[in-house]
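input.csv follows; it contains CSV, C-alpha atoms.
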```csv
chain,number,residue,atom,x,y,z
T,1,VAL,CA,-29.8,20.7,68.2
T,2,GLU,CA,-32.0,19.0,65.6
T,3,PRO,CA,-32.1,20.7,62.2
T,4,ALA,CA,-35.9,20.4,62.1
T,5,TYR,CA,-36.1,22.3,65.4
T,6,VAL,CA,-34.0,25.2,64.0
T,7,MET,CA,-36.1,25.3,60.8
T,8,ASP,CA,-39.2,25.4,63.0
T,9,LEU,CA,-37.8,28.4,64.9
T,10,VAL,CA,-37.1,30.1,61.6
T,11,ASN,CA,-40.6,29.4,60.3
T,12,THR,CA,-42.3,30.5,63.5
T,13,ALA,CA,-40.1,33.5,64.1
T,14,LEU,CA,-41.6,36.9,65.0
T,15,PRO,CA,-41.8,39.5,62.3
T,16,TYR,CA,-38.5,41.4,61.8
T,17,ASP,CA,-40.1,44.8,62.7
T,18,ALA,CA,-41.2,43.4,66.1
T,19,LEU,CA,-37.5,42.6,67.0
T,20,SER,CA,-36.8,46.1,68.3
T,21,SER,CA,-39.7,46.0,70.9
T,22,TYR,CA,-38.7,42.5,72.1
T,23,LEU,CA,-35.1,43.7,72.5
T,24,ASP,CA,-36.3,46.7,74.5
T,25,LEU,CA,-38.4,44.3,76.7
T,26,GLY,CA,-35.4,42.0,77.2
T,27,VAL,CA,-33.2,44.9,78.2
T,28,GLU,CA,-35.8,46.2,80.6
T,29,PHE,CA,-35.9,42.8,82.3
T,30,MET,CA,-32.1,42.8,82.5
T,31,HIS,CA,-32.3,46.2,84.3
T,32,ARG,CA,-34.9,44.9,86.7
T,33,ARG,CA,-32.9,41.8,87.5
T,34,THR,CA,-29.8,43.9,88.1
T,35,ALA,CA,-31.8,46.3,90.3
T,36,GLN,CA,-33.1,43.3,92.3
T,37,GLU,CA,-29.6,41.9,92.8
T,38,GLY,CA,-28.4,45.4,93.8
T,39,GLY,CA,-31.2,45.7,96.3
T,40,LEU,CA,-30.5,42.4,97.9
T,41,GLU,CA,-26.8,43.2,98.1
T,42,LEU,CA,-27.7,46.6,99.7
T,43,ALA,CA,-30.0,44.9,102.2
T,44,ARG,CA,-27.3,42.5,103.1
T,45,LYS,CA,-24.7,45.2,103.6
T,46,ALA,CA,-27.1,47.5,105.5
T,47,SER,CA,-27.6,44.7,108.1
T,48,ASP,CA,-23.9,44.1,108.4
T,49,ALA,CA,-22.7,46.4,111.2
T,50,SER,CA,-19.1,45.7,110.5
T,51,GLU,CA,-19.2,48.0,107.4
T,52,ALA,CA,-19.4,51.7,107.7
T,53,PHE,CA,-22.8,53.0,106.7
T,54,GLU,CA,-21.2,55.6,104.4
T,55,ASP,CA,-19.5,52.8,102.4
T,56,THR,CA,-22.8,51.0,102.1
T,57,VAL,CA,-24.6,54.1,100.8
T,58,THR,CA,-21.7,54.8,98.3
T,59,ALA,CA,-21.9,51.2,97.0
T,60,ALA,CA,-25.7,51.5,96.6
T,61,GLU,CA,-25.2,54.8,94.6
T,62,GLN,CA,-22.7,53.2,92.4
T,63,LYS,CA,-25.1,50.3,91.6
T,64,ILE,CA,-27.9,52.7,90.7
T,65,PHE,CA,-25.7,54.8,88.5
T,66,ALA,CA,-24.3,51.7,86.8
T,67,LEU,CA,-27.9,50.8,85.9
T,68,ARG,CA,-28.3,54.0,84.0
T,69,ALA,CA,-25.0,53.3,82.1
T,70,ILE,CA,-26.3,50.0,80.8
T,71,LYS,CA,-28.7,51.8,78.5
T,72,THR,CA,-25.9,52.0,75.9
T,73,VAL,CA,-25.8,48.2,75.5
T,74,PRO,CA,-29.1,47.7,73.6
T,75,LYS,CA,-27.9,49.9,70.6
T,76,THR,CA,-24.9,47.7,70.2
T,77,LEU,CA,-26.9,44.5,70.7
T,78,ARG,CA,-29.6,45.8,68.3
T,79,GLN,CA,-27.1,46.7,65.7
T,80,GLY,CA,-25.4,43.3,66.1
T,81,LEU,CA,-28.6,41.4,65.6
T,82,THR,CA,-29.6,43.6,62.7
T,83,ASN,CA,-26.2,42.7,61.1
T,84,VAL,CA,-26.8,39.0,61.7
T,85,ILE,CA,-30.3,39.0,60.3
T,86,GLY,CA,-29.1,41.0,57.3
T,87,GLU,CA,-26.4,38.4,56.6
T,88,TRP,CA,-29.0,35.6,56.9
T,89,GLU,CA,-31.3,37.4,54.5
T,90,VAL,CA,-28.5,37.8,51.9
T,91,ALA,CA,-27.8,34.1,52.2
T,92,GLN,CA,-31.5,33.3,51.8
T,93,GLN,CA,-31.6,35.5,48.6
T,94,ASN,CA,-28.5,33.8,47.2
T,95,PRO,CA,-28.8,30.1,48.2
T,96,GLY,CA,-25.6,28.1,47.9
T,97,LYS,CA,-23.6,31.2,46.7
T,98,ILE,CA,-20.5,32.5,48.5
T,99,THR,CA,-21.6,35.5,50.4
T,100,GLY,CA,-18.2,37.0,51.3
T,101,ILE,CA,-15.1,37.9,49.4
T,102,GLU,CA,-13.9,34.9,47.5
T,103,SER,CA,-10.3,33.7,48.2
T,104,GLY,CA,-9.9,32.2,44.7
T,105,LEU,CA,-9.5,28.7,46.3
T,106,HIS,CA,-12.8,26.8,45.9
T,107,ASP,CA,-12.4,24.4,48.9
T,108,LEU,CA,-11.5,27.2,51.3
T,109,ASP,CA,-14.4,29.3,50.1
T,110,GLN,CA,-16.8,26.4,50.7
T,111,LYS,CA,-15.6,26.2,54.3
T,112,LEU,CA,-15.6,29.9,55.0
T,113,TRP,CA,-18.3,31.1,52.5
T,114,GLY,CA,-15.7,33.8,51.7
T,115,PHE,CA,-14.1,36.4,53.9
T,116,HIS,CA,-16.6,38.6,55.8
T,117,LYS,CA,-16.4,41.9,57.5
T,118,ARG,CA,-15.5,41.8,61.2
T,119,ASN,CA,-14.0,38.3,60.9
T,120,MET,CA,-10.4,37.5,61.6
T,121,VAL,CA,-9.0,34.4,59.8
T,122,VAL,CA,-5.8,33.0,61.2
T,123,ILE,CA,-3.7,30.8,59.0
T,124,GLY,CA,-1.3,28.7,61.0
T,125,ALA,CA,1.0,25.8,60.3
T,126,ARG,CA,4.5,24.5,60.9
T,127,PRO,CA,7.4,26.4,59.3
T,128,SER,CA,7.9,26.0,55.5
T,129,GLN,CA,4.3,24.6,54.9
T,130,GLY,CA,3.3,27.4,52.5
T,131,LYS,CA,1.5,29.9,54.8
T,132,THR,CA,3.0,33.0,53.1
T,133,ALA,CA,2.5,31.5,49.6
T,134,LEU,CA,-1.2,30.8,50.4
T,135,CYS,CA,-1.7,34.3,51.8
T,136,CYS,CA,0.0,35.8,48.7
T,137,ASN,CA,-2.3,33.8,46.4
T,138,ILE,CA,-5.3,35.0,48.3
T,139,ALA,CA,-4.2,38.6,48.4
T,140,ASN,CA,-3.2,38.4,44.7
T,141,HIS,CA,-6.6,37.1,43.7
T,142,VAL,CA,-8.6,39.6,45.8
T,143,ALA,CA,-6.5,42.7,44.8
T,144,VAL,CA,-6.0,41.9,41.1
T,145,ASP,CA,-8.8,39.6,40.0
T,146,LEU,CA,-11.6,41.1,42.2
T,147,GLY,CA,-10.2,44.6,42.3
T,148,ILE,CA,-10.7,45.0,46.0
T,149,PRO,CA,-8.1,47.1,47.9
T,150,THR,CA,-6.0,44.7,49.9
T,151,LEU,CA,-3.6,45.2,52.8
T,152,PHE,CA,-1.0,42.5,53.4
T,153,PHE,CA,1.1,42.2,56.6
T,154,SER,CA,3.9,39.7,57.2
T,155,LEU,CA,6.0,39.5,60.3
T,156,GLU,CA,8.5,37.2,58.7
T,157,SER,CA,9.1,38.3,55.1
T,158,SER,CA,10.2,41.7,53.8
T,159,MET,CA,8.2,43.7,51.4
T,160,GLU,CA,10.6,42.7,48.6
T,161,GLU,CA,10.2,39.0,49.3
T,162,ILE,CA,6.4,39.4,49.2
T,163,LEU,CA,6.6,41.3,46.0
T,164,LYS,CA,8.8,38.7,44.4
T,165,ARG,CA,6.3,36.0,45.3
T,166,ILE,CA,3.3,38.0,44.0
T,167,VAL,CA,5.1,39.0,40.7
T,168,CYS,CA,6.2,35.4,40.1
T,169,GLN,CA,2.7,34.1,40.9
T,170,ARG,CA,1.0,36.6,38.7
T,171,GLY,CA,3.4,36.2,35.8
T,172,ARG,CA,3.8,32.5,36.3
T,173,LEU,CA,7.5,32.9,36.5
T,174,ASP,CA,9.9,30.4,38.0
T,175,GLN,CA,11.2,32.3,41.1
T,176,GLU,CA,14.1,29.8,41.6
T,177,LYS,CA,15.5,30.5,38.1
T,178,LEU,CA,15.1,34.2,38.6
T,179,ARG,CA,16.9,34.0,41.9
T,180,ARG,CA,19.8,32.0,40.4
T,181,GLY,CA,20.0,34.3,37.4
T,182,THR,CA,19.3,31.4,34.9
T,183,PHE,CA,15.9,32.8,33.8
T,184,THR,CA,15.9,33.7,30.0
T,185,VAL,CA,13.5,35.1,27.5
T,186,ARG,CA,13.0,31.5,26.3
T,187,HIS,CA,11.5,30.6,29.7
T,188,MET,CA,9.0,33.4,29.3
T,189,VAL,CA,7.9,32.0,26.0
T,190,GLU,CA,7.5,28.5,27.4
T,191,ILE,CA,5.2,29.8,30.1
```
Reformat the file's structure so that it appears as structure tokens.
Amino acid sequence: VEPAYVMDLVNTALPYDALSSYLDLGVEFMHRRTAQEGGLELARKASDASEAFEDTVTAAEQKIFALRAIKTVPKTLRQGLTNVIGEWEVAQQNPGKITGIESGLHDLDQKLWGFHKRNMVVIGARPSQGKTALCCNIANHVAVDLGIPTLFFSLESSMEEILKRIVCQRGRLDQEKLRRGTFTVRHMVEI
């Protein structure tokens, strides 16, 4: 899609307050289309003498009752579109700024625009490539520097291993020297 076309859509978009009535109209057409399909299927089954008439009527009733159940969908769709438009409005009000929770890593934030609600970010790589260290850095930044409550899960490392990493990252301590027992007060002063 050409960027000019997308900008044209944005500039000629309907007013935000009209969105609800257009969504209702779209849902109504969806109901009508579903009713038509159900009617055609009922007509086909009614003319098929190999099926019991009672089964045909039961299937028709199920289709009609299913149409009534669909009415719960627009609220979800409406809320989703409201959220999307809200995110776009925030971006418009803050051009070029990270709109989510910053990771503390500039290049990553430029790619993701920060972490956002309802998003799942999966970090994957081969063994010993630094996945846990990266996640510890991000969690450390979000929890300590930004003051946002953070929950950290690891299926590979124990709580103690994660804590060692975070304490050493935060304190800029050499974990290798601590592990070997060669860390001294002099090392703390050097840092």
Report summary line: Using all atoms listed in the file, the residue out of T:Lys131, T:Arg32, T:Arg68, T:His141 with shortest distance to T:Ile101 is T:His141
Query - Given all atoms listed in the file as the counted atoms, nearest of T:Ala143, T:Leu112, T:Ala35, T:Met30 to T:Phe65 - result: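 Of all the options, T:Ala35 lies closest to T:Phe65.
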Report task. Give the answer as one residue: which of T:Ser50, T:Ser21, T:Ser103, T:Thr58 has the shortest atom-to-atom distance to T:Ala139, using all atoms listed in the file? Result ->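 Among the listed residues, T:Ser103 lies closest to T:Ala139.
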Report summary line: Residue with the minimum atom-to-atom distance to T:Ala60, picked from T:Glu37, T:Asp109, T:Glu87, T:Asp48 with only C-alpha atoms counted, is T:Glu37
Requested in this report: For T:Ala43, list every protein, DNA or RNA residue within 12 Å, evaluated using all atoms listed in the file, and leave out those in the same chain fewer than 5 positions away; present the list as an MDAnalysis selection string.
Outcome: chainID T and resid 36:38 48:49 53 56:57 59:60
Could you write out that same residue set with C-alpha atoms as a PDB file, in the coordinates of the input?
```
ATOM      1  CA  GLN T  36     -33.100  43.300  92.300  1.00  0.00           C
ATOM      2  CA  GLU T  37     -29.600  41.900  92.800  1.00  0.00           C
ATOM      3  CA  GLY T  38     -28.400  45.400  93.800  1.00  0.00           C
ATOM      4  CA  ASP T  48     -23.900  44.100 108.400  1.00  0.00           C
ATOM      5  CA  ALA T  49     -22.700  46.400 111.200  1.00  0.00           C
ATOM      6  CA  PHE T  53     -22.800  53.000 106.700  1.00  0.00           C
ATOM      7  CA  THR T  56     -22.800  51.000 102.100  1.00  0.00           C
ATOM      8  CA  VAL T  57     -24.600  54.100 100.800  1.00  0.00           C
ATOM      9  CA  ALA T  59     -21.900  51.200  97.000  1.00  0.00           C
ATOM     10  CA  ALA T  60     -25.700  51.500  96.600  1.00  0.00           C
TER      11      ALA T  60
END
```
Identify, on the basis of all atoms listed in the file, every residue whose closest approach to stretch 163-177 of chain T does not exceed 10 Å; exclude the query and any residue fewer than 5 positions from it along the same chain; express the result as an mmCIF file with C-alpha atoms, in the frame of the given file.
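Printed below is out_23.cif as written:
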```cif
data_model
loop_
_atom_site.group_PDB
_atom_site.id
_atom_site.type_symbol
_atom_site.label_atom_id
_atom_site.label_comp_id
_atom_site.auth_asym_id
_atom_site.auth_seq_id
_atom_site.Cartn_x
_atom_site.Cartn_y
_atom_site.Cartn_z
ATOM 1 C CA THR T 132 3.000 33.000 53.100
ATOM 2 C CA ALA T 133 2.500 31.500 49.600
ATOM 3 C CA CYS T 135 -1.700 34.300 51.800
ATOM 4 C CA CYS T 136 0.000 35.800 48.700
ATOM 5 C CA ASN T 137 -2.300 33.800 46.400
ATOM 6 C CA ALA T 139 -4.200 38.600 48.400
ATOM 7 C CA ASN T 140 -3.200 38.400 44.700
ATOM 8 C CA HIS T 141 -6.600 37.100 43.700
ATOM 9 C CA VAL T 144 -6.000 41.900 41.100
ATOM 10 C CA SER T 157 9.100 38.300 55.100
ATOM 11 C CA SER T 158 10.200 41.700 53.800
ATOM 12 C CA THR T 182 19.300 31.400 34.900
ATOM 13 C CA PHE T 183 15.900 32.800 33.800
ATOM 14 C CA THR T 184 15.900 33.700 30.000
ATOM 15 C CA HIS T 187 11.500 30.600 29.700
ATOM 16 C CA MET T 188 9.000 33.400 29.300
ATOM 17 C CA ILE T 191 5.200 29.800 30.100
#
```
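For the pair atom CA of T:Lys97 and atom CA of T:Leu77, the interatomic distance is 27.6 Å.
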